[in-house]
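Asker: Below is input_3.txt; it holds compact mmCIF, C-alpha atoms.
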# COMPACT_ATOMS: atom_id res chain seq x y z
CA MET A 1 -72.53 36.55 278.40
CA ARG A 2 -70.20 39.24 279.71
CA ARG A 3 -71.59 41.93 282.00
CA THR A 4 -72.16 45.08 279.97
CA ILE A 5 -72.79 48.74 280.63
CA ARG A 6 -75.68 50.29 278.77
CA ARG A 7 -75.99 53.96 277.82
CA ALA A 8 -79.18 55.89 277.03
CA ALA A 9 -80.15 55.94 273.35
CA LEU A 10 -78.55 58.49 271.07
CA GLY A 11 -80.66 61.21 269.51
CA ILE A 12 -80.26 62.23 265.92
CA ALA A 13 -77.86 65.12 265.57
CA GLY A 14 -79.00 67.30 262.68
CA ALA A 15 -75.76 69.22 262.50
CA ALA A 16 -73.74 66.05 262.09
CA VAL A 17 -76.08 64.75 259.38
CA ALA A 18 -75.70 68.02 257.52
CA ALA A 19 -71.94 67.87 257.91
CA LEU A 20 -71.92 64.39 256.36
CA ALA A 21 -73.01 65.89 253.06
CA VAL A 22 -70.22 68.46 252.87
CA VAL A 23 -67.18 66.79 254.45
CA GLY A 24 -64.54 65.92 251.84
CA CYS A 25 -62.80 62.57 251.52
CA SER A 26 -59.61 62.08 253.51
CA SER A 27 -57.45 58.99 253.94
CA SER A 28 -56.67 57.32 257.24
CA ASP A 29 -53.17 56.37 258.39
CA ALA A 30 -53.92 52.65 258.62
CA GLY A 31 -50.25 51.87 258.84
CA SER A 32 -49.59 53.67 262.14
CA THR A 33 -48.21 51.53 264.94
CA SER A 34 -47.61 54.30 267.46
CA GLY A 35 -50.25 53.01 269.90
CA GLN A 36 -51.71 56.53 270.09
CA SER A 37 -54.52 57.77 267.86
CA ASP A 38 -54.35 61.12 266.10
CA ALA A 39 -55.31 64.13 268.21
CA GLY A 40 -59.09 64.43 268.39
CA SER A 41 -59.50 61.10 266.58
CA GLY A 42 -60.74 58.80 269.29
CA GLN A 43 -59.16 56.64 271.95
CA SER A 44 -56.16 54.44 271.20
CA VAL A 45 -56.18 50.74 272.05
CA GLN A 46 -54.03 51.38 275.12
CA GLU A 47 -56.34 54.16 276.32
CA ILE A 48 -59.31 51.82 276.01
CA LYS A 49 -57.46 49.15 277.96
CA ASP A 50 -56.47 51.65 280.64
CA LYS A 51 -60.08 52.81 280.94
CA GLY A 52 -61.32 49.21 281.10
CA THR A 53 -64.27 49.88 278.78
CA ILE A 54 -64.88 50.03 275.05
CA ARG A 55 -67.93 51.97 273.86
CA ILE A 56 -69.66 50.11 271.03
CA ALA A 57 -72.61 51.57 269.13
CA THR A 58 -75.17 49.02 267.99
CA PHE A 59 -78.87 48.62 267.23
CA THR A 60 -81.29 47.56 269.95
CA ASP A 61 -84.22 46.73 267.63
CA LEU A 62 -82.61 44.96 264.65
CA LYS A 63 -83.18 41.27 265.30
CA PRO A 64 -81.08 39.10 264.91
CA TYR A 65 -78.13 41.49 264.50
CA GLY A 66 -78.46 43.75 267.52
CA TYR A 67 -81.47 43.76 269.83
CA THR A 68 -82.46 43.90 273.48
CA THR A 69 -84.23 40.95 275.11
CA ASP A 70 -87.10 41.31 277.55
CA ASP A 71 -84.70 41.17 280.49
CA GLY A 72 -82.61 44.04 279.09
CA THR A 73 -79.74 41.94 277.72
CA GLU A 74 -78.12 42.95 274.43
CA THR A 75 -77.67 40.10 271.98
CA GLY A 76 -77.38 39.34 268.27
CA TYR A 77 -74.77 38.74 265.57
CA ASP A 78 -73.10 42.15 265.95
CA VAL A 79 -73.35 42.02 269.73
CA GLU A 80 -71.57 38.66 269.92
CA LEU A 81 -68.77 40.14 267.83
CA GLY A 82 -68.57 43.13 270.16
CA GLU A 83 -68.42 40.86 273.19
CA ARG A 84 -65.56 38.88 271.63
CA LEU A 85 -63.60 42.01 270.73
CA ALA A 86 -64.00 43.28 274.29
CA LYS A 87 -62.88 39.93 275.67
CA ASP A 88 -59.75 39.97 273.53
CA LEU A 89 -59.05 43.53 274.67
CA GLY A 90 -59.60 42.53 278.29
CA VAL A 91 -62.28 45.18 278.86
CA GLN A 92 -66.03 45.52 279.36
CA VAL A 93 -68.51 46.80 276.78
CA GLU A 94 -70.52 49.97 277.18
CA TRP A 95 -73.31 49.57 274.62
CA VAL A 96 -74.41 52.78 272.90
CA PRO A 97 -77.81 52.28 271.20
CA VAL A 98 -78.16 54.02 267.83
CA ASN A 99 -80.57 54.47 264.94
CA ALA A 100 -79.26 53.98 261.41
CA ASP A 101 -78.66 57.66 260.71
CA ALA A 102 -76.93 58.25 264.08
CA ARG A 103 -74.09 55.80 263.49
CA VAL A 104 -71.68 58.35 262.04
CA ASP A 105 -72.54 60.91 264.71
CA ALA A 106 -71.85 58.34 267.44
CA LEU A 107 -68.20 58.36 266.35
CA ARG A 108 -67.81 62.01 265.37
CA SER A 109 -69.30 63.26 268.64
CA ASP A 110 -67.13 60.85 270.70
CA LYS A 111 -70.07 58.86 272.05
CA ALA A 112 -68.61 55.57 270.80
CA ASP A 113 -65.20 54.09 270.00
CA LEU A 114 -66.54 51.53 267.54
CA VAL A 115 -69.71 51.00 265.51
CA LEU A 116 -71.03 47.44 265.07
CA ALA A 117 -74.52 48.15 263.74
CA ASN A 118 -75.03 46.32 260.45
CA PHE A 119 -72.99 49.18 258.95
CA THR A 120 -72.61 48.85 255.16
CA VAL A 121 -69.44 50.25 253.59
CA THR A 122 -70.14 53.02 251.04
CA ASP A 123 -67.96 55.67 249.41
CA GLU A 124 -69.86 58.46 251.17
CA ARG A 125 -69.41 56.87 254.58
CA GLN A 126 -65.74 56.17 253.92
CA ALA A 127 -65.29 59.93 253.54
CA VAL A 128 -66.31 60.54 257.16
CA VAL A 129 -65.44 57.35 259.09
CA ASP A 130 -62.75 54.67 258.79
CA PHE A 131 -64.07 51.17 258.08
CA ALA A 132 -62.18 48.10 259.21
CA ASP A 133 -62.11 44.93 257.12
CA PRO A 134 -65.59 43.47 256.50
CA TYR A 135 -67.10 40.50 258.31
CA MET A 136 -70.36 40.07 256.38
CA LYS A 137 -71.71 40.42 252.84
CA VAL A 138 -75.14 41.71 251.96
CA SER A 139 -77.35 43.14 249.21
CA ILE A 140 -80.48 45.28 249.15
CA GLY A 141 -83.79 43.40 249.01
CA VAL A 142 -87.49 44.26 248.96
CA VAL A 143 -90.16 42.52 251.04
CA SER A 144 -93.90 42.73 250.35
CA PRO A 145 -97.14 40.93 251.28
CA ASP A 146 -97.72 37.52 249.73
CA ASP A 147 -101.01 38.71 248.22
CA ALA A 148 -99.45 41.84 246.69
CA GLN A 149 -95.93 40.68 245.99
CA ILE A 150 -93.39 43.08 244.50
CA THR A 151 -90.90 41.29 242.24
CA ALA A 152 -89.62 44.25 240.19
CA VAL A 153 -88.80 47.87 240.99
CA SER A 154 -91.24 49.06 238.34
CA GLN A 155 -94.10 47.61 240.38
CA LEU A 156 -93.37 50.17 243.12
CA GLU A 157 -94.27 53.13 240.92
CA GLY A 158 -97.26 54.98 242.38
CA LYS A 159 -96.81 53.17 245.71
CA GLN A 160 -95.09 54.00 249.00
CA LEU A 161 -91.79 52.30 249.80
CA ALA A 162 -90.76 52.28 253.47
CA VAL A 163 -87.05 52.78 254.18
CA ASN A 164 -84.92 53.44 257.22
CA LYS A 165 -83.13 56.80 257.15
CA GLY A 166 -79.40 56.63 256.60
CA THR A 167 -79.39 53.16 255.02
CA THR A 168 -78.00 51.92 251.72
CA ALA A 169 -81.57 51.09 250.64
CA GLU A 170 -82.56 54.75 250.95
CA GLN A 171 -79.44 55.76 249.04
CA TRP A 172 -79.93 53.19 246.26
CA PHE A 173 -83.52 54.19 245.53
CA THR A 174 -82.68 57.89 245.70
CA GLU A 175 -79.89 57.45 243.14
CA ASN A 176 -81.28 54.70 240.92
CA ALA A 177 -85.06 54.92 241.15
CA PRO A 178 -85.96 58.50 242.14
CA GLN A 179 -89.46 58.03 240.72
CA ILE A 180 -90.29 55.69 243.62
CA GLU A 181 -91.82 57.58 246.54
CA GLN A 182 -90.05 56.77 249.80
CA SER A 183 -91.52 56.97 253.30
CA LYS A 184 -88.49 57.45 255.56
CA TYR A 185 -88.40 56.39 259.21
CA ASP A 186 -85.95 56.96 262.05
CA SER A 187 -86.01 53.39 263.36
CA LYS A 188 -86.61 49.85 262.16
CA THR A 189 -89.53 49.58 264.56
CA GLU A 190 -91.30 52.57 263.02
CA GLN A 191 -90.47 51.41 259.52
CA PHE A 192 -91.94 47.94 259.90
CA GLN A 193 -94.94 49.10 261.90
CA ALA A 194 -95.88 51.48 259.09
CA PHE A 195 -95.50 48.62 256.60
CA LYS A 196 -97.65 46.22 258.61
CA ASP A 197 -100.25 48.97 259.09
CA GLY A 198 -100.58 49.27 255.33
CA ARG A 199 -98.94 52.68 255.01
CA ALA A 200 -96.39 51.26 252.56
CA ALA A 201 -96.58 48.63 249.84
CA ALA A 202 -93.10 47.28 250.53
CA ILE A 203 -89.90 47.71 252.52
CA ALA A 204 -86.39 48.01 251.09
CA ASP A 205 -83.57 46.98 253.41
CA ASP A 206 -80.62 44.59 253.69
CA ASN A 207 -81.70 41.25 252.24
CA THR A 208 -80.29 39.26 255.15
CA TYR A 209 -82.42 41.22 257.59
CA LEU A 210 -85.50 40.83 255.39
CA TYR A 211 -85.00 37.05 255.22
CA SER A 212 -85.19 36.85 258.99
CA TRP A 213 -88.12 39.26 259.24
CA ALA A 214 -90.14 37.35 256.63
CA LYS A 215 -89.56 34.07 258.47
CA GLU A 216 -90.73 35.63 261.71
CA ASN A 217 -93.75 37.25 260.04
CA PRO A 218 -95.66 34.76 257.86
CA GLY A 219 -97.54 36.32 254.97
CA TYR A 220 -94.62 38.30 253.58
CA THR A 221 -92.06 37.41 250.91
CA VAL A 222 -88.71 38.84 249.83
CA GLY A 223 -89.76 39.16 246.19
CA ILE A 224 -86.65 41.12 245.18
CA LYS A 225 -83.58 39.44 246.68
CA GLN A 226 -80.83 41.65 245.26
CA LEU A 227 -80.59 45.21 243.98
CA GLY A 228 -77.30 46.71 242.88
CA ASP A 229 -73.89 45.33 243.70
CA GLN A 230 -73.02 43.15 246.65
CA SER A 231 -72.04 45.22 249.66
CA PHE A 232 -70.09 44.54 252.81
CA ILE A 233 -70.76 45.06 256.52
CA ALA A 234 -67.79 46.24 258.56
CA PRO A 235 -66.84 47.78 261.91
CA ALA A 236 -66.19 51.53 261.84
CA VAL A 237 -64.06 53.88 263.92
CA VAL A 238 -63.76 57.66 263.93
CA LYS A 239 -61.77 59.09 261.03
CA GLY A 240 -58.06 59.02 261.80
CA ASN A 241 -58.06 56.46 264.62
CA SER A 242 -55.47 54.33 262.87
CA ASP A 243 -54.41 52.52 266.04
CA LEU A 244 -57.84 51.06 266.84
CA LEU A 245 -58.49 50.46 263.13
CA GLU A 246 -55.35 48.35 262.80
CA TRP A 247 -56.20 46.36 265.92
CA VAL A 248 -59.72 45.60 264.66
CA ASN A 249 -58.37 44.56 261.24
CA THR A 250 -56.04 42.09 262.92
CA GLU A 251 -58.95 40.73 264.97
CA VAL A 252 -61.24 40.32 261.95
CA SER A 253 -58.56 38.31 260.13
CA ALA A 254 -57.87 36.13 263.16
CA LEU A 255 -61.57 35.53 263.86
CA THR A 256 -62.19 34.64 260.21
CA ASP A 257 -59.39 32.06 260.29
CA GLU A 258 -60.69 30.73 263.60
CA GLY A 259 -64.19 30.21 262.21
CA PHE A 260 -65.74 32.64 264.70
CA PHE A 261 -68.08 34.25 262.17
CA THR A 262 -69.40 30.92 260.93
CA GLN A 263 -70.14 29.95 264.54
CA ASP A 264 -71.70 33.37 265.19
CA TYR A 265 -73.89 32.79 262.12
CA THR A 266 -74.94 29.37 263.42
CA ASP A 267 -75.74 30.75 266.87
CA GLN A 268 -77.39 34.04 265.99
CA LEU A 269 -78.55 34.08 262.36
CA LYS A 270 -79.37 30.54 261.22
CA PRO A 271 -82.38 30.14 263.55
CA TYR A 272 -83.91 33.27 262.01
CA PHE A 273 -83.24 32.60 258.32
CA THR A 274 -85.15 30.53 255.83
CA ASP A 275 -83.65 27.16 254.98
CA ASP A 276 -82.33 28.27 251.58
CA VAL A 277 -79.83 30.67 253.18
CA GLN A 278 -76.39 29.16 253.89
CA PRO A 279 -73.43 30.51 255.95
CA GLU A 280 -71.41 31.21 252.81
CA ASP A 281 -74.24 33.50 251.61
CA VAL A 282 -73.48 35.82 254.53
CA VAL A 283 -70.03 35.08 256.01
CA LEU A 284 -66.84 35.99 254.15
CA THR A 285 -64.35 33.21 253.56
CA ALA A 286 -60.65 33.86 254.21
CA ASP A 287 -60.10 34.24 250.45
CA GLU A 288 -62.97 36.70 250.11
CA LEU A 289 -61.66 38.71 253.03
CA ALA A 290 -58.20 38.79 251.49
CA GLY A 291 -59.74 40.12 248.30
CA GLN A 292 -61.32 43.01 250.23
CA GLN A 293 -58.22 43.95 252.18
CA GLN A 294 -56.16 46.88 250.97
What is this file in structure tokens?
Answerer:
Amino acid sequence: MRRTIRRAALGIAGAAVAALAVVGCSSSDAGSTSGQSDAGSGQSVQEIKDKGTIRIATFTDLKPYGYTTDDGTETGYDVELGERLAKDLGVQVEWVPVNADARVDALRSDKADLVLANFTVTDERQAVVDFADPYMKVSIGVVSPDDAQITAVSQLEGKQLAVNKGTTAEQWFTENAPQIEQSKYDSKTEQFQAFKDGRAAAIADDNTYLYSWAKENPGYTVGIKQLGDQSFIAPAVVKGNSDLLEWVNTEVSALTDEGFFTQDYTDQLKPYFTDDVQPEDVVLTADELAGQQQ
């Protein structure tokens, strides 16, 4: 694995979170080929190359997507993608650890050039960051203990549901099942510890992550495998950085054609998933990617 530079963890910026709720939707100039990003809109590809480092925000506690091993090495599905992007750019990676609700702030406050942190594309997020083409598909799921399994949303009424702040699971339940009481946590570690301690009856999160967690923690089952529409995981750049956005889009297409994501799945995700999950359940085919491209 390439040598990386690690930055101290980001805090949660309240002002940026508040701004997220009021910023209007604006479109990015994805067709720009000037090689220079808009003023105040992040580093261009050439600037990143000249600096010799790309700053990538990712999770450090979301196994198997982005996590830190005992020896301090970053690894996981998103991390392997970041390493490959850096390799193709000819630069090193400076990893910027984030919590779920700090991903937008990492870009807006110029702490990161790119977010690769299991970042689901939503309309609200598209108003404040620019998403590249997706590299993974996912839905919301719910995990619960085997002896108190939750198989329908109605069974959560009168119970506590643990969610991670800033996630699509939090958003879905807020919009579609407001009667369900949510316990909201800043990190995955806090969220799952509260669940295992019995402070919540279930957890709502990305189904692919829950599949891996349930395999690693016997006694729990993903009783609800899909809520709402299928969503997509994609890299994100600061709003207006059309130069980096275009470069990442080209890379995602090339890596899809190459079979990189299927290999990344085999290396990083398959060992952590139950046997019923297949690569095509997670990885976009070239045709699916084409269908998502603008």
Asker: Write out, as JSON lines, each residue of region 157-213 of chain A that has an atom at most 12 Å from region 62-85 of chain A, together with the closest pair of atoms and their distance in Å to one decimal, counting all atoms listed in the file, rows going by chain and rising number.
Answerer:
{"residue": "A:Asn164", "atom": "CA", "partner": "A:Leu62", "partner_atom": "CA", "distance": 11.5}
{"residue": "A:Ser187", "atom": "CA", "partner": "A:Leu62", "partner_atom": "CA", "distance": 9.2}
{"residue": "A:Lys188", "atom": "CA", "partner": "A:Leu62", "partner_atom": "CA", "distance": 6.8}
{"residue": "A:Thr189", "atom": "CA", "partner": "A:Leu62", "partner_atom": "CA", "distance": 8.3}
{"residue": "A:Glu190", "atom": "CA", "partner": "A:Leu62", "partner_atom": "CA", "distance": 11.7}
{"residue": "A:Gln191", "atom": "CA", "partner": "A:Leu62", "partner_atom": "CA", "distance": 11.4}
{"residue": "A:Phe192", "atom": "CA", "partner": "A:Leu62", "partner_atom": "CA", "distance": 10.9}
{"residue": "A:Asp205", "atom": "CA", "partner": "A:Leu62", "partner_atom": "CA", "distance": 11.5}
{"residue": "A:Asp206", "atom": "CA", "partner": "A:Leu62", "partner_atom": "CA", "distance": 11.1}
{"residue": "A:Thr208", "atom": "CA", "partner": "A:Pro64", "partner_atom": "CA", "distance": 9.8}
{"residue": "A:Tyr209", "atom": "CA", "partner": "A:Pro64", "partner_atom": "CA", "distance": 7.7}
{"residue": "A:Leu210", "atom": "CA", "partner": "A:Lys63", "partner_atom": "CA", "distance": 10.2}
{"residue": "A:Tyr211", "atom": "CA", "partner": "A:Pro64", "partner_atom": "CA", "distance": 10.7}
{"residue": "A:Ser212", "atom": "CA", "partner": "A:Pro64", "partner_atom": "CA", "distance": 7.5}
{"residue": "A:Trp213", "atom": "CA", "partner": "A:Lys63", "partner_atom": "CA", "distance": 8.1}
Asker: Need to verify the contact set: region 201-203 of chain A, 10 Å, all atoms listed in the file, exclusion of same-chain residues closer than 4 positions in sequence. Can you return it as a ChimeraX atom specification?
Answerer: /A:141-145,148-150,155-156,158-164,169,182-183,191-192,194-197,210,220-223
Asker: Which of these residues is nearest to Glu251 (chain A), using all atoms listed in the file: A:Leu114, A:Leu89, A:Val121, A:Ala127?
Answerer: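 Closest residue, counting all atoms listed in the file: A:Leu89.
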Asker: In file coordinates, which residues lie within 7 Å of (-61.2, 54.0, 266.6) using all atoms listed in the file, given as a PDB file with C-alpha atoms, keeping the file's coordinate frame?
Answerer:
ATOM      1  CA  GLY A  42     -60.740  58.800 269.290  1.00  0.00           C
ATOM      2  CA  GLN A  43     -59.160  56.640 271.950  1.00  0.00           C
ATOM      3  CA  SER A  44     -56.160  54.440 271.200  1.00  0.00           C
ATOM      4  CA  ASP A 113     -65.200  54.090 270.000  1.00  0.00           C
ATOM      5  CA  LEU A 114     -66.540  51.530 267.540  1.00  0.00           C
ATOM      6  CA  VAL A 237     -64.060  53.880 263.920  1.00  0.00           C
ATOM      7  CA  VAL A 238     -63.760  57.660 263.930  1.00  0.00           C
ATOM      8  CA  ASN A 241     -58.060  56.460 264.620  1.00  0.00           C
ATOM      9  CA  SER A 242     -55.470  54.330 262.870  1.00  0.00           C
ATOM     10  CA  ASP A 243     -54.410  52.520 266.040  1.00  0.00           C
ATOM     11  CA  LEU A 244     -57.840  51.060 266.840  1.00  0.00           C
ATOM     12  CA  LEU A 245     -58.490  50.460 263.130  1.00  0.00           C
TER      13      LEU A 245
END
Asker: Please tell me which residues are no farther than 7 Å from (-79.0, 49.8, 270.4) in the file, counting all atoms listed in the file, and write them as a short mmCIF file (atom, residue, chain, number, x, y, z; two decimals) with C-alpha atoms, in the coordinates of the input.
Answerer:
data_model
loop_
_atom_site.label_atom_id
_atom_site.label_comp_id
_atom_site.auth_asym_id
_atom_site.auth_seq_id
_atom_site.Cartn_x
_atom_site.Cartn_y
_atom_site.Cartn_z
CA ALA A 9 -80.15 55.94 273.35
CA ALA A 57 -72.61 51.57 269.13
CA THR A 58 -75.17 49.02 267.99
CA PHE A 59 -78.87 48.62 267.23
CA THR A 60 -81.29 47.56 269.95
CA ASP A 61 -84.22 46.73 267.63
CA GLY A 66 -78.46 43.75 267.52
CA TYR A 67 -81.47 43.76 269.83
CA VAL A 96 -74.41 52.78 272.90
CA PRO A 97 -77.81 52.28 271.20
CA VAL A 98 -78.16 54.02 267.83
#
Asker: Of the candidates A:Val248, A:Gln226, A:Arg199, A:Tyr135, which one gets nearest to Asp264 (chain A) if we count only C-alpha atoms?
Answerer: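 Closest to Asp264 (chain A) of all the choices is A:Tyr135.
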Asker: CA of Thr53 (chain A) and CA of Lys87 (chain A) are how many Å apart?
Answerer: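 Computing it gives 10.5 Å between the two atoms.
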Asker: What does the distance between CA of Leu255 (chain A) and CA of Arg108 (chain A) come to in Å, to one decimal place?
Answerer: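 Atom-to-atom, CA of Leu255 (chain A) to CA of Arg108 (chain A), that is 27.2 Å.
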Asker: Excluding Thr122 (chain A) and its own-chain neighbours fewer than 2 positions away, which residues fall within 10 Å of it when counting all atoms listed in the file? Please give them as a list in words.
Answerer: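 Here the answer would be Phe119, Thr120, Glu124, Arg125, Gln126, Ala127, Phe131, Thr168, Gln171, Ser231, Phe232 and Ile233 of chain A.
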Asker: Using only C-alpha atoms, which residue out of A:Met136, A:Tyr272, A:Ala204, A:Ser41 lies closest to Ser109 (chain A)?
Answerer: A:Ser41
Asker: Find the distance between CA of Leu284 (chain A) and CA of Ile224 (chain A) and write it in Å to one decimal.
Answerer: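 Taking CA of Leu284 (chain A) and CA of Ile224 (chain A), their separation equals 22.3 Å.
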Asker: Enclose region 239-251 of chain A, meaning all of its atoms listed in the file, in a box aligned along x, y and z, pad it by 5 Å on each side, and list the centre and edge lengths in Å to one decimal, as lines of an AutoDock Vina configuration file.
Answerer:
center_x = -58.1
center_y = 49.9
center_z = 263.9
size_x = 17.4
size_y = 28.4
size_z = 15.8
Asker: Smallest atom-to-atom distance to Glu47 (chain A): which of A:Ala290, A:Val91, A:Ala132, A:Ala102, using all atoms listed in the file?
Answerer: A:Val91
Asker: Give the answer as one residue: which of A:Lys215, A:Arg55, A:Ala236, A:Gln193 has the shortest atom-to-atom distance to Asp275 (chain A), using only C-alpha atoms?
Answerer: A:Lys215
Asker: Within 8 Å of Tyr265 (chain A), counting all atoms listed in the file, which residues qualify if same-chain residues fewer than 5 places away don't, as a list in words?
Answerer: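 Answer for this query is Tyr77, Lys270, Pro279 and Val283 of chain A.
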Asker: May I ask which of the residues A:Lys225, A:Val138, A:Lys51, A:Ser154 is the closest one to Val93 (chain A), counting all atoms listed in the file?
Answerer: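 Comparing A:Lys225, A:Val138, A:Lys51, A:Ser154 against Val93 (chain A), the winner is A:Lys51.
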Asker: Reconstruct N, CA and C atoms of region 132-155 of chain A; output as a CSV table (one decimal), in the frame of the given file.
Answerer:
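Saved file out08.csv follows:
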chain,number,residue,atom,x,y,z
A,132,ALA,N,-63.1,49.2,259.1
A,132,ALA,CA,-62.2,48.1,259.2
A,132,ALA,C,-62.5,47.1,258.1
A,133,ASP,N,-61.8,46.0,258.1
A,133,ASP,CA,-62.1,44.9,257.1
A,133,ASP,C,-63.5,44.3,257.4
A,134,PRO,N,-64.2,43.9,256.3
A,134,PRO,CA,-65.6,43.5,256.5
A,134,PRO,C,-65.7,42.1,257.1
A,135,TYR,N,-66.8,41.8,257.7
A,135,TYR,CA,-67.1,40.5,258.3
A,135,TYR,C,-68.4,39.9,257.8
A,136,MET,N,-69.1,40.6,256.8
A,136,MET,CA,-70.4,40.1,256.4
A,136,MET,C,-70.6,40.7,255.0
A,137,LYS,N,-71.3,39.9,254.2
A,137,LYS,CA,-71.7,40.4,252.8
A,137,LYS,C,-73.2,40.5,252.7
A,138,VAL,N,-73.7,41.4,252.0
A,138,VAL,CA,-75.1,41.7,252.0
A,138,VAL,C,-75.5,42.4,250.7
A,139,SER,N,-76.8,42.4,250.3
A,139,SER,CA,-77.4,43.1,249.2
A,139,SER,C,-78.7,43.8,249.7
A,140,ILE,N,-79.2,44.7,248.9
A,140,ILE,CA,-80.5,45.3,249.2
A,140,ILE,C,-81.6,44.4,248.6
A,141,GLY,N,-82.6,44.2,249.4
A,141,GLY,CA,-83.8,43.4,249.0
A,141,GLY,C,-85.1,44.2,249.3
A,142,VAL,N,-86.2,43.6,248.8
A,142,VAL,CA,-87.5,44.3,249.0
A,142,VAL,C,-88.5,43.2,249.4
A,143,VAL,N,-89.2,43.4,250.5
A,143,VAL,CA,-90.2,42.5,251.0
A,143,VAL,C,-91.6,43.1,250.9
A,144,SER,N,-92.5,42.3,250.6
A,144,SER,CA,-93.9,42.7,250.4
A,144,SER,C,-94.9,41.6,250.8
A,145,PRO,N,-96.2,41.9,250.9
A,145,PRO,CA,-97.1,40.9,251.3
A,145,PRO,C,-97.3,39.8,250.2
A,146,ASP,N,-97.6,38.6,250.7
A,146,ASP,CA,-97.7,37.5,249.7
A,146,ASP,C,-98.8,37.8,248.7
A,147,ASP,N,-99.9,38.5,249.1
A,147,ASP,CA,-101.0,38.7,248.2
A,147,ASP,C,-100.9,40.0,247.4
A,148,ALA,N,-99.7,40.7,247.5
A,148,ALA,CA,-99.4,41.8,246.7
A,148,ALA,C,-97.9,41.9,246.5
A,149,GLN,N,-97.4,40.8,246.0
A,149,GLN,CA,-95.9,40.7,246.0
A,149,GLN,C,-95.3,41.6,245.0
A,150,ILE,N,-94.2,42.2,245.4
A,150,ILE,CA,-93.4,43.1,244.5
A,150,ILE,C,-92.2,42.3,244.1
A,151,THR,N,-92.0,42.1,242.8
A,151,THR,CA,-90.9,41.3,242.2
A,151,THR,C,-90.0,42.1,241.3
A,152,ALA,N,-90.4,43.4,241.0
A,152,ALA,CA,-89.6,44.2,240.2
A,152,ALA,C,-89.8,45.7,240.7
A,153,VAL,N,-88.8,46.5,240.5
A,153,VAL,CA,-88.8,47.9,241.0
A,153,VAL,C,-89.9,48.6,240.3
A,154,SER,N,-90.2,48.3,239.1
A,154,SER,CA,-91.2,49.1,238.3
A,154,SER,C,-92.6,48.9,239.0
A,155,GLN,N,-92.8,47.8,239.7
A,155,GLN,CA,-94.1,47.6,240.4
A,155,GLN,C,-94.3,48.5,241.6
